[in-house]
>>> print(open('model_23.cif').read())   # mmCIF, C-alpha atoms
data_my_file
#
loop_
_atom_site.label_atom_id
_atom_site.label_comp_id
_atom_site.auth_asym_id
_atom_site.auth_seq_id
_atom_site.Cartn_x
_atom_site.Cartn_y
_atom_site.Cartn_z
CA MET A 156 13.27 35.61 -11.65
CA THR A 157 13.32 32.83 -9.06
CA ALA A 158 13.18 29.26 -10.32
CA LEU A 159 10.79 26.74 -8.81
CA ALA A 160 12.45 24.99 -5.87
CA THR A 161 11.58 21.45 -7.02
CA GLN A 162 13.41 18.17 -6.67
CA PHE A 163 12.64 17.29 -10.30
CA ALA A 164 14.97 17.98 -13.21
CA ALA A 165 12.02 17.99 -15.64
CA GLU A 166 8.29 18.43 -15.20
CA GLY A 167 7.68 14.97 -16.65
CA ASP A 168 9.56 13.45 -13.70
CA SER A 169 6.79 14.38 -11.24
CA THR A 170 4.44 11.45 -10.69
CA GLY A 171 1.78 13.72 -9.23
CA LEU A 172 1.89 16.12 -12.17
CA GLN A 173 1.74 13.23 -14.64
CA LEU A 174 -1.25 11.72 -12.79
CA TRP A 175 -3.01 15.09 -12.77
CA ARG A 176 -2.47 15.55 -16.51
CA VAL A 177 -3.62 12.01 -17.32
CA SER A 178 -6.65 12.43 -15.04
CA ASN A 179 -7.64 15.66 -16.80
CA ALA A 180 -7.27 14.05 -20.23
CA TRP A 181 -9.28 10.99 -19.13
CA GLN A 182 -12.02 13.17 -17.65
CA ALA A 183 -12.27 15.16 -20.88
CA ALA A 184 -12.60 11.92 -22.85
CA GLN A 185 -15.33 10.68 -20.49
CA ARG A 186 -17.22 13.99 -20.78
CA LEU A 187 -17.30 13.52 -24.55
CA ALA A 188 -18.38 9.89 -24.24
CA LEU A 189 -21.23 10.81 -21.88
CA LYS A 190 -22.41 13.93 -23.73
CA PRO A 191 -24.96 12.03 -25.88
CA PHE A 192 -26.57 10.71 -22.69
CA GLY A 193 -26.98 14.14 -21.10
CA ILE A 194 -25.22 13.21 -17.85
CA THR A 195 -21.95 14.12 -16.20
CA HIS A 196 -19.37 11.57 -15.18
CA VAL A 197 -20.22 11.81 -11.48
CA GLN A 198 -23.91 11.38 -12.33
CA PHE A 199 -22.97 8.28 -14.31
CA VAL A 200 -20.82 6.90 -11.47
CA LEU A 201 -23.64 7.26 -8.91
CA LEU A 202 -26.29 5.93 -11.30
CA ALA A 203 -24.09 2.98 -12.29
CA ALA A 204 -23.32 2.25 -8.62
CA LEU A 205 -27.03 2.22 -7.78
CA THR A 206 -27.72 -0.04 -10.76
CA TRP A 207 -24.84 -2.35 -9.76
CA LEU A 208 -26.01 -2.54 -6.13
CA GLY A 209 -29.60 -3.17 -7.24
CA GLU A 210 -31.24 -2.42 -3.91
CA PRO A 211 -32.07 0.67 -1.86
CA VAL A 212 -29.08 2.16 -0.05
CA THR A 213 -28.70 5.29 2.01
CA GLN A 214 -27.12 8.29 0.38
CA GLN A 215 -24.29 8.00 2.89
CA ALA A 216 -23.69 4.33 2.03
CA LEU A 217 -23.72 5.19 -1.68
CA ALA A 218 -21.17 7.98 -1.15
CA ALA A 219 -18.93 5.60 0.78
CA TYR A 220 -19.27 2.90 -1.90
CA ALA A 221 -18.56 5.33 -4.76
CA ARG A 222 -15.92 7.20 -2.72
CA THR A 223 -17.60 10.53 -3.40
CA ASP A 224 -18.14 13.50 -1.12
CA PRO A 225 -21.42 13.03 0.82
CA MET A 226 -22.64 16.61 0.25
CA MET A 227 -21.85 16.47 -3.46
CA THR A 228 -23.50 13.04 -3.64
CA SER A 229 -26.67 14.47 -2.13
CA GLN A 230 -26.71 17.34 -4.64
CA VAL A 231 -26.12 15.04 -7.61
CA LEU A 232 -28.82 12.63 -6.43
CA ARG A 233 -31.32 15.50 -6.21
CA THR A 234 -30.52 16.35 -9.84
CA LEU A 235 -30.90 12.71 -10.89
CA ALA A 236 -34.19 12.47 -8.98
CA ALA A 237 -35.51 15.61 -10.70
CA SER A 238 -34.73 13.91 -14.02
CA GLY A 239 -36.63 10.76 -13.00
CA LEU A 240 -33.50 8.61 -12.92
CA VAL A 241 -33.35 8.05 -9.15
CA ASP A 242 -35.91 7.64 -6.39
CA ARG A 243 -35.08 9.23 -3.03
CA VAL A 244 -37.32 8.24 -0.14
CA ARG A 245 -37.09 8.68 3.60
CA HIS A 246 -35.31 5.87 5.40
CA PRO A 247 -37.84 3.76 7.36
CA THR A 248 -35.99 4.04 10.69
CA ASP A 249 -33.69 7.07 10.39
CA ARG A 250 -35.56 10.33 9.82
CA ARG A 251 -32.36 12.09 8.74
CA ALA A 252 -31.42 9.53 6.08
CA ARG A 253 -32.69 8.94 2.56
CA ASN A 254 -32.78 5.64 0.72
CA VAL A 255 -31.98 5.85 -2.97
CA THR A 256 -32.55 3.50 -5.89
CA ALA A 257 -32.21 3.82 -9.64
CA THR A 258 -35.55 3.98 -11.44
CA GLY A 259 -36.22 1.83 -14.49
CA ALA A 260 -35.24 4.78 -16.68
CA GLY A 261 -32.09 5.27 -14.59
CA ARG A 262 -31.06 1.63 -14.92
CA GLU A 263 -31.71 1.72 -18.66
CA LEU A 264 -29.60 4.88 -19.04
CA ALA A 265 -26.79 3.45 -16.89
CA ASN A 266 -26.71 0.30 -19.01
CA ARG A 267 -26.55 2.28 -22.26
CA ALA A 268 -23.96 4.74 -20.92
CA VAL A 269 -21.66 2.06 -19.46
CA VAL A 270 -21.05 0.76 -22.98
CA ALA A 271 -19.75 4.20 -24.02
CA VAL A 272 -17.75 4.65 -20.81
CA GLU A 273 -16.04 1.28 -21.17
CA ALA A 274 -15.33 1.89 -24.87
CA CYS A 275 -13.80 5.24 -23.91
CA ASP A 276 -11.61 3.51 -21.32
CA ARG A 277 -10.47 0.87 -23.83
CA ALA A 278 -9.46 3.57 -26.31
CA PHE A 279 -7.87 5.84 -23.70
CA PHE A 280 -5.76 3.11 -22.10
CA ALA A 281 -5.01 1.19 -25.31
CA SER A 282 -1.43 2.46 -25.44
CA LEU A 283 -0.70 0.55 -22.22
CA GLY A 284 -1.21 -2.75 -24.05
CA GLU A 285 -0.37 -5.72 -21.85
CA ASP A 286 0.63 -3.35 -19.03
CA ARG A 287 -2.97 -2.21 -18.50
CA ALA A 288 -3.80 -4.85 -15.86
CA ALA A 289 -0.65 -4.02 -13.90
CA PHE A 290 -1.41 -0.29 -14.16
CA THR A 291 -4.95 -0.88 -12.90
CA ALA A 292 -3.59 -2.93 -9.98
CA MET A 293 -1.15 -0.14 -9.09
CA LEU A 294 -3.96 2.41 -9.12
CA GLY A 295 -5.87 0.11 -6.76
CA ARG A 296 -2.92 0.13 -4.36
CA LEU A 297 -2.99 3.91 -4.27
CA GLN A 298 -6.62 3.94 -3.13
CA GLY A 299 -5.55 2.65 0.27
#
>>> encode(input="model_23.cif", output="structure tokens")
Amino acid sequence: MTALATQFAAEGDSTGLQLWRVSNAWQAAQRLALKPFGITHVQFVLLAALTWLGEPVTQQALAAYARTDPMMTSQVLRTLAASGLVDRVRHPTDRRARNVTATGAGRELANRAVVAVEACDRAFFASLGEDRAAFTAMLGRLQG
């Protein structure tokens, strides 16, 4: 049997592997937190972003703001629109673009769900204690 040709003495030494594991655990926690609201995490992110922005934006601008894939953003917005949480209308000057806004029901859901999402984050990251702000800043640096 051939061993893995890695530079690490132990799997826990790999920053990327640790990030991947933490990301998976955090996503699982968020799925549980959002289950009572009937939305996925990406649906929440886009709905919360629209609620935060508070004005019509193009789907492309929303994807850039949320740092999500434009095609996936379009698909998720169609699902949210079918549920009555988002309005998608043709852009007034660009026939290819759509403007999107959160509906009243969408804003209400985003504001209820954000409480659960933030409580989940507090619990998940509690073990960082006073290091949480520094950890958050380091994650920000990695975003480029």
>>> resolve_selection(input="model_23.cif", expression="the PyMOL selection byres ((chain A and resi 205) around 12)", output="PyMOL selection string")
chain A and resi 198-204+206-214+216-218+220-221+232+235+240-243+254-259+261-266
>>> residues_around(input="model_23.cif", residues="Trp181 of chain A", least_positions_apart="6", cutoff="9 Å", atoms="only C-alpha atoms", output="short mmCIF file (atom, residue, chain, number, x, y, z; two decimals) with C-alpha atoms, keeping the file's coordinate frame")
data_model
loop_
_atom_site.label_atom_id
_atom_site.label_comp_id
_atom_site.auth_asym_id
_atom_site.auth_seq_id
_atom_site.Cartn_x
_atom_site.Cartn_y
_atom_site.Cartn_z
CA CYS A 275 -13.80 5.24 -23.91
CA ASP A 276 -11.61 3.51 -21.32
CA PHE A 279 -7.87 5.84 -23.70
#
>>> atom_distance(input="model_23.cif", atom1="atom CA of Thr234 of chain A", atom2="atom CA of Ile194 of chain A")
10.1 Å
>>> closest_residue(input="model_23.cif", among="A:Arg186, A:Arg222, A:Arg176, A:Arg251", to="Gly299 of chain A", atoms="only C-alpha atoms")
A:Arg222
>>> atom_distance(input="model_23.cif", atom1="atom CA of Thr161 of chain A", atom2="atom CA of Leu174 of chain A")
17.1 Å
>>> atom_distance(input="model_23.cif", atom1="atom CA of Val272 of chain A", atom2="atom CA of Gly284 of chain A")
18.4 Å
